[in-house]
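See below for query_0.txt, which holds compact mmCIF, C-alpha atoms.
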# COMPACT_ATOMS: atom_id res chain seq x y z
CA TYR A 1 -118.63 169.63 127.65
CA THR A 2 -118.61 171.20 131.13
CA SER A 3 -121.81 170.44 133.02
CA HIS A 4 -123.34 172.92 135.48
CA ARG A 5 -125.93 172.56 138.23
CA LYS A 6 -127.64 175.30 140.23
CA VAL A 7 -128.03 174.77 143.97
CA VAL A 8 -130.05 177.16 146.17
CA ASN A 9 -130.01 176.59 149.94
CA THR A 10 -132.15 178.73 152.27
CA GLN A 11 -132.46 178.90 156.04
CA GLN A 12 -135.08 180.84 158.00
CA VAL A 13 -134.51 181.26 161.74
CA ALA A 14 -136.66 182.75 164.47
CA GLY A 15 -135.69 182.63 168.12
CA LEU A 16 -136.12 184.07 171.59
CA GLN A 17 -133.36 184.01 174.21
CA PHE A 18 -133.01 185.22 177.78
CA THR A 19 -130.22 185.52 180.33
CA SER A 20 -130.60 185.98 184.07
CA LYS A 21 -128.62 186.23 187.29
CA PRO A 22 -131.39 185.43 189.79
CA PHE A 23 -129.25 185.55 192.96
CA ASP A 24 -125.68 185.65 194.25
CA LEU A 25 -123.76 182.74 195.68
CA PRO A 26 -120.66 183.14 197.91
CA ALA A 27 -118.42 182.71 194.84
CA GLY A 28 -120.47 184.91 192.50
CA PRO A 29 -123.87 185.13 190.77
CA LEU A 30 -125.74 182.09 189.52
CA GLN A 31 -126.11 182.54 185.75
CA LEU A 32 -128.99 181.17 183.69
CA ALA A 33 -129.78 181.27 179.98
CA GLY A 34 -132.47 179.69 177.85
CA GLY A 35 -134.70 180.11 174.87
CA VAL A 36 -136.68 178.68 172.00
CA GLU A 37 -135.86 178.53 168.30
CA TYR A 38 -137.51 177.62 165.02
CA ARG A 39 -135.59 176.85 161.81
CA ARG A 40 -136.74 175.97 158.31
CA GLU A 41 -134.23 174.78 155.73
CA THR A 42 -134.78 174.17 152.02
CA THR A 43 -132.64 173.06 149.13
CA ASP A 44 -133.48 173.27 145.42
CA VAL A 45 -131.21 171.73 142.79
CA THR A 46 -131.56 172.35 139.06
CA PRO A 47 -129.34 169.92 137.13
CA ASP A 48 -127.58 170.53 133.88
CA PRO A 49 -130.21 169.98 131.14
CA LEU A 50 -127.99 167.65 129.10
CA GLN A 51 -126.96 165.67 132.16
CA ALA A 52 -130.56 165.39 133.41
CA THR A 53 -131.72 163.90 130.10
CA GLY A 54 -128.86 161.40 129.92
CA GLN A 55 -127.05 162.98 126.97
CA LEU A 56 -123.65 162.87 128.70
CA ILE A 57 -122.11 159.42 128.69
CA TYR A 58 -121.75 157.84 132.16
CA LEU A 59 -123.18 161.00 133.80
CA THR A 60 -126.76 161.58 134.94
CA ASP A 61 -128.29 163.99 137.43
CA ALA A 62 -131.78 164.86 138.64
CA ALA A 63 -133.62 167.81 140.14
CA LEU A 64 -134.16 168.08 143.89
CA SER A 65 -136.57 170.09 145.99
CA ALA A 66 -136.58 169.21 149.69
CA ARG A 67 -137.16 170.88 153.05
CA PHE A 68 -137.48 170.27 156.77
CA SER A 69 -138.22 172.31 159.91
CA VAL A 70 -137.15 172.01 163.54
CA LYS A 71 -138.48 173.42 166.82
CA GLU A 72 -136.06 173.68 169.76
CA VAL A 73 -136.00 174.63 173.42
CA PHE A 74 -132.79 174.94 175.43
CA GLY A 75 -131.39 175.99 178.79
CA GLU A 76 -127.95 176.58 180.36
CA VAL A 77 -126.66 177.15 183.88
CA LEU A 78 -123.30 178.26 185.35
CA VAL A 79 -122.78 177.68 189.08
CA PRO A 80 -119.76 179.32 190.79
CA ILE A 81 -118.75 177.25 193.82
CA LEU A 82 -115.48 178.72 195.09
CA ALA A 83 -113.49 181.86 194.27
CA ASP A 84 -110.26 183.41 195.59
CA ARG A 85 -109.64 180.58 198.06
CA PRO A 86 -106.40 178.68 198.74
CA PHE A 87 -106.00 176.11 195.95
CA ALA A 88 -109.29 177.35 194.49
CA LYS A 89 -108.86 180.59 192.62
CA GLU A 90 -111.96 179.40 190.76
CA LEU A 91 -114.18 176.33 190.95
CA SER A 92 -117.37 176.24 188.90
CA LEU A 93 -119.85 173.83 187.31
CA GLU A 94 -121.90 174.26 184.15
CA GLY A 95 -124.68 172.39 182.40
CA ALA A 96 -126.84 172.66 179.29
CA VAL A 97 -129.66 170.76 177.60
CA ARG A 98 -131.43 171.17 174.24
CA TYR A 99 -134.51 169.36 172.90
CA SER A 100 -135.14 169.44 169.14
CA ASP A 101 -138.20 168.26 167.22
CA TYR A 102 -137.38 167.65 163.53
CA SER A 103 -140.08 167.24 160.90
CA SER A 104 -137.79 164.71 159.17
CA ILE A 105 -136.64 162.37 161.98
CA GLY A 106 -138.57 163.29 165.15
CA GLY A 107 -137.26 164.38 168.56
CA THR A 108 -133.67 164.45 169.84
CA THR A 109 -132.04 165.54 173.11
CA ALA A 110 -128.50 166.87 173.59
CA TRP A 111 -126.82 167.83 176.88
CA LYS A 112 -123.52 168.55 178.59
CA VAL A 113 -122.10 168.89 182.09
CA GLY A 114 -118.68 170.25 182.91
CA GLY A 115 -116.48 171.95 185.41
CA GLN A 116 -113.44 174.20 185.77
CA TRP A 117 -110.92 174.34 188.57
CA ALA A 118 -108.17 176.93 188.82
CA PRO A 119 -106.04 176.06 191.86
CA VAL A 120 -103.83 179.11 191.21
CA ARG A 121 -103.98 182.17 188.98
CA ASP A 122 -101.51 180.70 186.46
CA GLY A 123 -103.28 177.43 185.67
CA ARG A 124 -106.67 175.85 185.35
CA PHE A 125 -108.14 172.41 184.57
CA ARG A 126 -111.37 171.70 182.73
CA VAL A 127 -113.47 168.62 181.97
CA THR A 128 -116.70 168.14 180.02
CA ARG A 129 -119.01 165.18 179.46
CA SER A 130 -121.55 165.66 176.70
CA ARG A 131 -124.06 163.98 174.45
CA SER A 132 -124.46 165.48 170.99
CA VAL A 133 -126.93 164.81 168.21
CA ARG A 134 -126.70 165.55 164.49
CA ALA A 135 -129.72 165.12 162.26
CA PRO A 136 -129.11 164.17 158.62
CA ASN A 137 -129.11 167.16 156.30
CA LEU A 138 -131.29 167.55 153.24
CA SER A 139 -128.69 166.30 150.79
CA GLU A 140 -127.97 163.20 152.88
CA LEU A 141 -131.68 162.45 153.03
CA TYR A 142 -133.11 163.40 149.68
CA ASN A 143 -130.36 163.84 147.06
CA PRO A 144 -131.90 162.09 144.02
CA GLY A 145 -128.51 160.79 142.99
CA ALA A 146 -126.08 161.19 140.15
CA SER A 147 -124.18 158.58 138.20
CA SER A 148 -120.54 158.56 137.19
CA ASN A 149 -117.94 155.93 136.46
CA ALA A 150 -114.90 154.66 138.34
CA PHE A 151 -112.39 151.81 138.30
CA ILE A 152 -113.09 149.09 140.87
CA LEU A 153 -111.01 146.03 141.76
CA ASP A 154 -113.36 143.06 142.13
CA PRO A 155 -112.42 141.21 145.35
CA CYS A 156 -114.00 138.02 143.97
CA ASP A 157 -111.52 137.90 141.08
CA SER A 158 -109.30 134.83 141.28
CA THR A 159 -106.23 137.04 141.80
CA ARG A 160 -107.69 138.57 144.98
CA ILE A 161 -110.15 136.07 146.40
CA ASN A 162 -107.68 134.58 148.90
CA LEU A 163 -106.44 137.87 150.33
CA THR A 164 -108.81 137.71 153.33
CA THR A 165 -110.35 134.85 155.29
CA ASN A 166 -114.03 135.23 154.35
CA ARG A 167 -113.85 136.21 150.70
CA ARG A 168 -114.04 132.80 149.05
CA ALA A 169 -117.09 131.68 151.02
CA ASN A 170 -118.91 135.01 150.65
CA CYS A 171 -118.22 135.27 146.91
CA ALA A 172 -119.67 131.78 146.51
CA ALA A 173 -122.73 132.82 148.53
CA LEU A 174 -123.20 135.72 146.10
CA GLY A 175 -123.27 133.23 143.24
CA VAL A 176 -119.82 134.05 141.88
CA ALA A 177 -118.23 131.00 140.26
CA ALA A 178 -114.95 129.52 141.48
CA ASN A 179 -111.86 130.76 139.57
CA TYR A 180 -113.90 133.78 138.45
CA THR A 181 -112.11 136.38 136.32
CA ASP A 182 -113.59 139.86 136.20
CA PRO A 183 -114.62 140.47 132.56
CA PHE A 184 -114.66 144.22 133.25
CA ALA A 185 -111.16 144.45 134.75
CA GLY A 186 -109.70 147.78 133.70
CA VAL A 187 -113.13 149.05 132.62
CA ALA A 188 -114.88 151.83 134.55
CA LYS A 189 -118.05 150.71 136.32
CA THR A 190 -121.17 152.75 137.12
CA VAL A 191 -121.21 154.51 140.50
CA ILE A 192 -124.39 156.04 141.93
CA THR A 193 -124.22 158.72 144.62
CA GLY A 194 -127.43 159.90 146.22
CA GLY A 195 -129.36 160.43 149.43
CA ASN A 196 -130.88 157.94 151.82
CA PRO A 197 -134.32 158.93 153.21
CA GLY A 198 -134.07 156.09 155.74
CA LEU A 199 -131.28 157.79 157.71
CA SER A 200 -131.71 158.51 161.41
CA ALA A 201 -129.83 160.96 163.63
CA GLU A 202 -126.29 160.19 164.72
CA THR A 203 -125.50 160.54 168.42
CA SER A 204 -122.18 160.90 170.20
CA ASN A 205 -120.95 160.58 173.75
CA SER A 206 -117.77 162.53 174.35
CA TRP A 207 -115.24 163.42 177.01
CA THR A 208 -112.84 166.34 176.94
CA ALA A 209 -110.27 167.12 179.60
CA GLY A 210 -107.48 169.64 179.51
CA THR A 211 -105.44 172.34 181.12
CA VAL A 212 -104.56 175.97 180.43
CA PHE A 213 -101.24 177.37 181.67
CA THR A 214 -100.51 181.11 181.73
CA PRO A 215 -97.32 181.44 183.79
CA GLY A 216 -96.88 184.79 185.44
CA PHE A 217 -93.10 184.47 185.23
CA ILE A 218 -93.35 184.41 181.39
CA PRO A 219 -95.70 187.29 180.52
CA GLY A 220 -97.52 186.86 177.22
CA LEU A 221 -97.36 183.03 177.17
CA ALA A 222 -100.50 180.86 177.13
CA VAL A 223 -100.39 177.08 176.66
CA SER A 224 -103.34 174.68 176.46
CA VAL A 225 -103.52 170.91 176.02
CA ASP A 226 -106.83 169.05 175.63
CA TRP A 227 -107.54 165.33 175.36
CA TRP A 228 -110.77 164.35 173.66
CA LYS A 229 -112.62 161.11 173.01
CA ILE A 230 -115.75 160.85 170.87
CA ASP A 231 -117.91 157.73 170.39
CA LEU A 232 -120.53 158.08 167.66
CA LYS A 233 -123.44 155.68 167.33
CA GLY A 234 -125.32 155.45 164.07
CA ALA A 235 -122.77 157.76 162.46
CA ILE A 236 -123.84 159.04 159.04
CA ASN A 237 -121.01 157.98 156.80
CA THR A 238 -120.25 157.30 153.16
CA VAL A 239 -117.77 154.44 152.93
CA PRO A 240 -115.10 154.85 150.21
CA LEU A 241 -116.03 153.05 147.00
CA GLN A 242 -113.40 150.28 146.96
CA ARG A 243 -113.77 149.64 150.68
CA ALA A 244 -117.55 149.23 150.35
CA VAL A 245 -117.05 146.59 147.65
CA ASP A 246 -114.37 144.78 149.68
CA ASN A 247 -116.31 144.89 152.94
CA CYS A 248 -119.26 143.11 151.36
CA VAL A 249 -117.23 139.90 151.00
CA ASP A 250 -114.80 140.45 153.89
CA ALA A 251 -117.55 140.52 156.55
CA ALA A 252 -118.58 137.40 158.47
CA THR A 253 -121.52 136.84 156.09
CA ILE A 254 -123.10 138.61 153.13
CA SER A 255 -125.89 139.83 155.43
CA ASN A 256 -124.30 143.23 155.87
CA PRO A 257 -125.05 146.78 154.67
CA PHE A 258 -122.27 146.74 152.05
CA CYS A 259 -123.66 143.94 149.92
CA GLN A 260 -126.84 145.99 149.47
CA LEU A 261 -124.70 148.65 147.75
CA VAL A 262 -123.12 146.34 145.12
CA ARG A 263 -125.01 145.10 142.06
CA ARG A 264 -123.76 142.08 140.07
CA ARG A 265 -124.85 140.40 136.82
CA ALA A 266 -125.86 136.75 136.62
CA ASP A 267 -122.26 135.83 135.79
CA GLY A 268 -121.01 137.65 138.92
CA ALA A 269 -119.62 140.77 137.25
CA ILE A 270 -120.09 144.05 139.10
CA THR A 271 -122.27 146.45 137.13
CA GLN A 272 -123.07 149.18 139.65
CA VAL A 273 -122.11 150.39 143.13
CA ASN A 274 -124.25 152.71 145.26
CA VAL A 275 -122.31 154.94 147.66
CA SER A 276 -125.23 156.58 149.47
CA PRO A 277 -124.69 157.53 153.14
CA ILE A 278 -125.69 154.97 155.76
CA ASN A 279 -125.96 154.88 159.55
CA VAL A 280 -122.96 152.83 160.58
CA GLY A 281 -122.66 150.96 163.84
CA SER A 282 -120.07 153.20 165.49
CA LEU A 283 -117.29 155.67 164.80
CA ASN A 284 -114.73 156.16 167.57
CA ALA A 285 -112.09 158.88 167.58
CA GLU A 286 -109.56 160.05 170.15
CA GLY A 287 -106.83 162.65 170.06
CA ILE A 288 -104.92 165.46 171.72
CA ASP A 289 -105.16 169.12 170.70
CA PHE A 290 -102.40 171.50 171.73
CA GLN A 291 -101.94 175.24 171.37
CA ALA A 292 -99.37 177.80 172.51
CA ASN A 293 -99.30 181.57 172.00
CA TYR A 294 -96.56 183.97 172.97
CA ARG A 295 -96.41 187.75 172.58
CA ARG A 296 -93.53 190.01 173.56
CA ALA A 297 -93.08 193.75 173.04
CA PHE A 298 -89.68 195.28 172.35
CA GLY A 299 -90.31 199.00 172.48
CA ALA A 300 -92.51 199.86 169.49
CA THR A 301 -92.04 196.38 168.02
CA GLU A 302 -94.20 193.40 168.98
CA GLY A 303 -93.15 189.80 168.28
CA ARG A 304 -95.50 186.82 168.41
CA LEU A 305 -95.40 183.08 167.95
CA ALA A 306 -98.36 180.68 167.69
CA LEU A 307 -98.31 176.88 167.64
CA SER A 308 -101.37 174.68 167.23
CA GLY A 309 -101.93 171.11 166.22
CA THR A 310 -103.57 167.73 166.71
CA TYR A 311 -102.16 164.28 167.48
CA LEU A 312 -104.67 161.61 166.45
CA ILE A 313 -104.70 158.53 168.67
CA ARG A 314 -107.64 156.63 167.21
CA ASN A 315 -110.12 156.81 164.35
CA GLU A 316 -112.07 153.61 163.84
CA LEU A 317 -115.27 152.80 162.01
CA GLN A 318 -117.36 149.68 162.68
CA VAL A 319 -120.25 149.46 160.26
CA VAL A 320 -122.18 146.63 161.92
CA ALA A 321 -122.36 146.78 165.71
CA GLY A 322 -120.92 143.62 167.25
CA ASP A 323 -119.26 142.42 164.02
CA PRO A 324 -115.50 143.08 164.20
CA THR A 325 -115.08 141.95 160.59
CA THR A 326 -116.77 145.21 159.52
CA ARG A 327 -114.23 147.32 161.44
CA ASP A 328 -112.24 149.87 159.44
CA ASN A 329 -109.19 151.54 160.95
CA ASN A 330 -108.99 155.04 159.44
CA LEU A 331 -106.06 156.23 161.55
CA GLY A 332 -103.19 157.40 159.39
CA GLU A 333 -105.25 157.68 156.21
CA VAL A 334 -105.36 160.73 153.93
CA ASP A 335 -108.25 162.40 155.74
CA ASN A 336 -107.04 161.33 159.20
CA PRO A 337 -103.27 162.00 159.47
CA ARG A 338 -101.69 161.14 162.80
CA TRP A 339 -99.98 164.56 163.05
CA ARG A 340 -101.10 168.01 161.92
CA PHE A 341 -99.70 171.28 163.20
CA ASN A 342 -99.16 174.94 162.32
CA VAL A 343 -96.35 177.23 163.44
CA ALA A 344 -96.89 180.96 162.90
CA PRO A 345 -94.27 183.56 163.87
CA GLY A 346 -95.08 187.22 163.28
CA VAL A 347 -93.94 190.75 163.97
CA THR A 348 -95.53 194.21 164.05
CA MET A 349 -93.37 197.31 163.65
CA GLY A 350 -95.42 200.46 163.85
CA LYS A 351 -97.84 200.43 160.94
CA PHE A 352 -96.27 197.37 159.29
CA SER A 353 -97.15 193.76 160.12
CA LEU A 354 -95.67 190.49 158.78
CA ASP A 355 -96.83 186.92 159.51
CA TRP A 356 -95.36 183.60 158.34
CA THR A 357 -97.34 180.36 158.70
CA VAL A 358 -95.85 176.88 158.35
CA ARG A 359 -98.38 174.04 157.92
CA PHE A 360 -97.40 170.37 158.33
CA ILE A 361 -99.35 167.21 157.42
CA SER A 362 -97.73 163.88 158.32
CA ALA A 363 -97.31 160.96 155.92
CA THR A 364 -100.43 158.82 155.47
CA LYS A 365 -101.91 156.03 153.38
CA VAL A 366 -104.85 155.95 151.01
CA ASP A 367 -106.09 152.81 152.79
CA SER A 368 -104.39 151.79 156.04
CA GLN A 369 -105.87 148.28 155.72
CA ALA A 370 -105.08 147.72 152.06
CA THR A 371 -103.81 144.27 151.18
CA ALA A 372 -101.58 143.46 148.23
CA GLU A 373 -104.19 144.41 145.64
CA GLY A 374 -101.97 146.27 143.24
CA ARG A 375 -102.07 149.59 145.12
CA SER A 376 -98.87 151.23 143.94
CA ASP A 377 -100.12 154.61 145.21
CA ASN A 378 -101.10 153.61 148.76
CA ASN A 379 -98.32 155.59 150.46
CA VAL A 380 -98.97 159.34 150.69
CA SER A 381 -95.94 161.43 151.65
CA SER A 382 -95.97 164.27 154.18
CA ARG A 383 -96.33 167.90 153.14
CA LEU A 384 -95.00 171.21 154.45
CA TYR A 385 -96.54 174.48 153.27
CA ASN A 386 -95.35 178.05 153.84
CA ASP A 387 -97.64 181.10 153.71
CA LEU A 388 -96.72 184.80 154.04
CA TYR A 389 -99.02 187.70 154.90
CA ALA A 390 -98.10 191.39 155.20
CA SER A 391 -100.10 194.55 155.80
CA VAL A 392 -99.46 198.26 156.29
CA ALA A 393 -101.75 200.93 157.73
CA VAL A 394 -101.88 203.84 155.31
CA ASN A 395 -103.91 205.93 157.78
CA ASP A 396 -106.65 205.44 160.35
CA ARG A 397 -109.11 204.33 157.67
CA PHE A 398 -107.12 202.34 155.13
CA ARG A 399 -104.92 199.27 155.44
CA LEU A 400 -103.23 197.61 152.46
CA TYR A 401 -102.48 193.89 152.63
CA GLY A 402 -101.01 191.17 150.47
CA GLY A 403 -99.49 187.75 150.66
CA VAL A 404 -98.64 184.45 149.08
CA ASN A 405 -99.99 181.03 150.00
CA ASN A 406 -97.90 177.93 149.29
CA LEU A 407 -94.79 180.05 148.83
CA PHE A 408 -92.66 177.23 147.37
CA ASP A 409 -95.39 175.91 145.03
CA VAL A 410 -95.58 172.48 146.68
CA ASP A 411 -97.68 169.92 144.75
CA PRO A 412 -100.06 167.53 146.51
CA PRO A 413 -98.55 164.07 147.10
CA PHE A 414 -99.09 161.72 144.19
CA SER A 415 -102.22 159.67 144.86
CA ALA A 416 -105.59 159.00 143.27
CA VAL A 417 -107.39 160.78 146.13
CA THR A 418 -105.20 163.81 146.89
CA PHE A 419 -105.61 165.85 143.70
CA GLN A 420 -109.12 166.97 144.66
CA GLY A 421 -110.62 170.21 145.87
CA THR A 422 -113.03 168.50 148.26
CA GLY A 423 -113.40 165.22 150.08
CA ARG A 424 -110.31 163.19 150.86
CA GLY A 425 -107.97 165.63 149.13
CA ALA A 426 -109.17 168.71 151.00
CA LEU A 427 -106.14 168.84 153.33
CA PHE A 428 -103.74 169.49 150.48
CA ASP A 429 -103.17 172.57 148.35
CA ASN A 430 -104.47 171.82 144.84
CA ILE A 431 -103.95 175.36 143.51
CA GLY A 432 -100.22 175.92 143.94
CA ARG A 433 -98.54 179.24 144.64
CA TYR A 434 -101.28 181.83 145.12
CA LEU A 435 -100.72 185.58 145.42
CA PHE A 436 -103.27 188.12 146.60
CA VAL A 437 -103.52 191.83 147.45
CA GLY A 438 -106.34 193.92 148.89
CA VAL A 439 -107.41 196.85 150.98
CA ASN A 440 -109.44 197.16 154.18
CA THR A 441 -111.30 200.35 154.89
CA THR A 442 -113.74 201.74 157.43
CA PHE A 443 -116.27 204.52 156.91
Please rewrite the model in this file as structure tokens.
Amino acid sequence: YTSHRKVVNTQQVAGLQFTSKPFDLPAGPLQLAGGVEYRRETTDVTPDPLQATGQLIYLTDAALSARFSVKEVFGEVLVPILADRPFAKELSLEGAVRYSDYSSIGGTTAWKVGGQWAPVRDGRFRVTRSRSVRAPNLSELYNPGASSNAFILDPCDSTRINLTTNRRANCAALGVAANYTDPFAGVAKTVITGGNPGLSAETSNSWTAGTVFTPGFIPGLAVSVDWWKIDLKGAINTVPLQRAVDNCVDAATISNPFCQLVRRRADGAITQVNVSPINVGSLNAEGIDFQANYRRAFGATEGRLALSGTYLIRNELQVVAGDPTTRDNNLGEVDNPRWRFNVAPGVTMGKFSLDWTVRFISATKVDSQATAEGRSDNNVSSRLYNDLYASVAVNDRFRLYGGVNNLFDVDPPFSAVTFQGTGRGALFDNIGRYLFVGVNTTF
């Protein structure tokens, strides 16, 4: 049986914005912008009738009808300080602030300040300091939950209890007997996924700094490099199933958010795990983004080359603030590869255009902190994909196009989490070689 659910999301938006240049400064006009906005969002979920009534083994689902509204006011300013001066082709400052009042979580404030300095025409530097806020969405707050089943390794089992320092003491505190053997080893356990109405907004403090280089001696070339660092507090996060179970007994004590997610029988056996989102202590990430574009015309033919990518320096989750035993290093895992980049050469000859894109994802692990717990699939190999796209202008109104994604039919790397269309497997191509054709037209 294939179950189906109907999900209807709506958003209503009303707003008023203004822009103004009230007066001129020596380097140019002062620019202002501001406005107010009102949004109302709703979600209505109708579950599969058989699943809602529990007629599908291990699978249940429930209806959902939830909504929230938000009122906002915001303002922005751009202040030119210097222009066309020695070592100051441009120097400017900018700022912005936004206050939001949510019916679900109350008021929040976000802001940013930044500046740009172009000492010469060919290069500029930029820096931004900002505070951002994200309110939990309707699904994170009110999803009534659905049940499924999954295989879980019990960290209190006698074969795994000594793999970390705190496990034996914490398993005993949970009432699990010494030399315990999981009676459900190899048997799928119940997993509940749902919302958490107790969530609060997540906030982040971030820095970005970078440079843009457009050398006049190489026409058509533009290169940018940006460093970024983001520190989230109270990040809304769903911890992977096995890690949630492990963290319960690997923390300093059992007084941690993970143990509230794991249900055990009187004999210690795990019967259910809840993987609802929670506000974690902090989530810190740091990386470098780079991009280069080059265009060159050879008579009627234009060649181009684009390079873009990210080098991840840090991605670390600490669920309980001040407790390093709840720290999870996500760097180098499936959803956080250290290297990702695209290379895209292309050419246009008259009415014909051809583009080739090469996508690279570096080797990763399912769990970068996994101990010797029988994970034979922890290593996830790198992947290289090739895509082709071609188009031809039939006339001024019609353009035919076609292409092939994943030209060499590369499979996802073998792992329990990479053969998925969403979630941790979303980086990889789960379809295979994919051909398409179409037409663009204007009237």
- Task: Could you please determine the separation between atom CA of A:Asp84 and atom CA of A:Thr208 in Å, to one decimal place?
- Result: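 These two atoms are separated by 25.4 Å.
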- Point (-106.5, 172.0, 164.1) neighbourhood (12 Å, only C-alpha atoms) written as a VMD selection string: chain A and resid 226 287 to 291 307 to 312 336 to 343 359 to 361 427
Residues within 8 Å of stretch 72-76 of chain A, all atoms listed in the file, excluding chain neighbours under 3 positions, as a PDB file with C-alpha atoms, in the coordinates of the input:
ATOM      1  CA  LEU A  32    -128.990 181.170 183.690  1.00  0.00           C
ATOM      2  CA  ALA A  33    -129.780 181.270 179.980  1.00  0.00           C
ATOM      3  CA  GLY A  34    -132.470 179.690 177.850  1.00  0.00           C
ATOM      4  CA  GLY A  35    -134.700 180.110 174.870  1.00  0.00           C
ATOM      5  CA  VAL A  36    -136.680 178.680 172.000  1.00  0.00           C
ATOM      6  CA  GLU A  37    -135.860 178.530 168.300  1.00  0.00           C
ATOM      7  CA  TYR A  38    -137.510 177.620 165.020  1.00  0.00           C
ATOM      8  CA  GLU A  94    -121.900 174.260 184.150  1.00  0.00           C
ATOM      9  CA  GLY A  95    -124.680 172.390 182.400  1.00  0.00           C
ATOM     10  CA  ALA A  96    -126.840 172.660 179.290  1.00  0.00           C
ATOM     11  CA  VAL A  97    -129.660 170.760 177.600  1.00  0.00           C
ATOM     12  CA  ARG A  98    -131.430 171.170 174.240  1.00  0.00           C
ATOM     13  CA  TYR A  99    -134.510 169.360 172.900  1.00  0.00           C
ATOM     14  CA  SER A 100    -135.140 169.440 169.140  1.00  0.00           C
ATOM     15  CA  ASP A 101    -138.200 168.260 167.220  1.00  0.00           C
TER      16      ASP A 101
END
- Message: Taking all atoms listed in the file into account, name the residue in A:Gln318, A:Thr326, A:Thr214, A:Thr193 that is nearest to A:Ser276.
- Response: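 Among the listed residues, A:Thr193 lies closest to A:Ser276.
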I'd like the contact shell of A:Ser147 - 10 Å cut-off, all atoms listed in the file, skipping same-chain residues fewer than 3 positions apart - returned as a compact mmCIF listing (two decimals) with C-alpha atoms, keeping the file's coordinate frame.
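As a result, part_39.txt now contains:
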# COMPACT_ATOMS: atom_id res chain seq x y z
CA GLN A 51 -126.96 165.67 132.16
CA GLY A 54 -128.86 161.40 129.92
CA ILE A 57 -122.11 159.42 128.69
CA TYR A 58 -121.75 157.84 132.16
CA LEU A 59 -123.18 161.00 133.80
CA THR A 60 -126.76 161.58 134.94
CA ASP A 61 -128.29 163.99 137.43
CA ALA A 62 -131.78 164.86 138.64
CA THR A 190 -121.17 152.75 137.12
CA VAL A 191 -121.21 154.51 140.50
CA ILE A 192 -124.39 156.04 141.93
CA THR A 193 -124.22 158.72 144.62
CA GLY A 194 -127.43 159.90 146.22
CA GLN A 272 -123.07 149.18 139.65
CA VAL A 273 -122.11 150.39 143.13
CA ASN A 274 -124.25 152.71 145.26
- Item | Within 7 Å of stretch 382-397 of chain A using only C-alpha atoms, minus same-chain residues under 4 positions, as a PyMOL selection string | chain A and resi 351-363+401-407+410+441-442
Same residues, C-alpha atoms, output as a PDB file, in the coordinates of the input:
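See result37.pdb below for the written result:
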ATOM      1  CA  LYS A 351     -97.840 200.430 160.940  1.00  0.00           C
ATOM      2  CA  PHE A 352     -96.270 197.370 159.290  1.00  0.00           C
ATOM      3  CA  SER A 353     -97.150 193.760 160.120  1.00  0.00           C
ATOM      4  CA  LEU A 354     -95.670 190.490 158.780  1.00  0.00           C
ATOM      5  CA  ASP A 355     -96.830 186.920 159.510  1.00  0.00           C
ATOM      6  CA  TRP A 356     -95.360 183.600 158.340  1.00  0.00           C
ATOM      7  CA  THR A 357     -97.340 180.360 158.700  1.00  0.00           C
ATOM      8  CA  VAL A 358     -95.850 176.880 158.350  1.00  0.00           C
ATOM      9  CA  ARG A 359     -98.380 174.040 157.920  1.00  0.00           C
ATOM     10  CA  PHE A 360     -97.400 170.370 158.330  1.00  0.00           C
ATOM     11  CA  ILE A 361     -99.350 167.210 157.420  1.00  0.00           C
ATOM     12  CA  SER A 362     -97.730 163.880 158.320  1.00  0.00           C
ATOM     13  CA  ALA A 363     -97.310 160.960 155.920  1.00  0.00           C
ATOM     14  CA  TYR A 401    -102.480 193.890 152.630  1.00  0.00           C
ATOM     15  CA  GLY A 402    -101.010 191.170 150.470  1.00  0.00           C
ATOM     16  CA  GLY A 403     -99.490 187.750 150.660  1.00  0.00           C
ATOM     17  CA  VAL A 404     -98.640 184.450 149.080  1.00  0.00           C
ATOM     18  CA  ASN A 405     -99.990 181.030 150.000  1.00  0.00           C
ATOM     19  CA  ASN A 406     -97.900 177.930 149.290  1.00  0.00           C
ATOM     20  CA  LEU A 407     -94.790 180.050 148.830  1.00  0.00           C
ATOM     21  CA  VAL A 410     -95.580 172.480 146.680  1.00  0.00           C
ATOM     22  CA  THR A 441    -111.300 200.350 154.890  1.00  0.00           C
ATOM     23  CA  THR A 442    -113.740 201.740 157.430  1.00  0.00           C
TER      24      THR A 442
END
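Ranking A:Thr19, A:Ser158, A:Thr203, A:Gln11 by their shortest atom-to-atom distance to A:Asp182, with all atoms listed in the file included, puts A:Ser158 first.
When all atoms listed in the file are used to compute distances to A:Gly234, the closest of the residues A:Cys171, A:Gly210, A:Thr165, A:Val319 turns out to be A:Val319.
Here atom CA of A:Trp228 stands at a distance of 22.6 Å from atom CA of A:Ser368.
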- Item | Separation of atom CA of A:Pro144 from atom CA of A:Arg263 in Å |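 Atom CA of A:Pro144 lies 18.4 Å from atom CA of A:Arg263.
Contact shell of A:Ala269 at 10 Å (all atoms listed in the file; same-chain neighbours under 2 positions omitted): A:Asp154, A:Cys156, A:Asp157, A:Val176, A:Tyr180, A:Thr181, A:Asp182, A:Pro183, A:Phe184, A:Ala185, A:Arg263, A:Arg264, A:Arg265, A:Ala266, A:Asp267, A:Thr271, A:Gln272.
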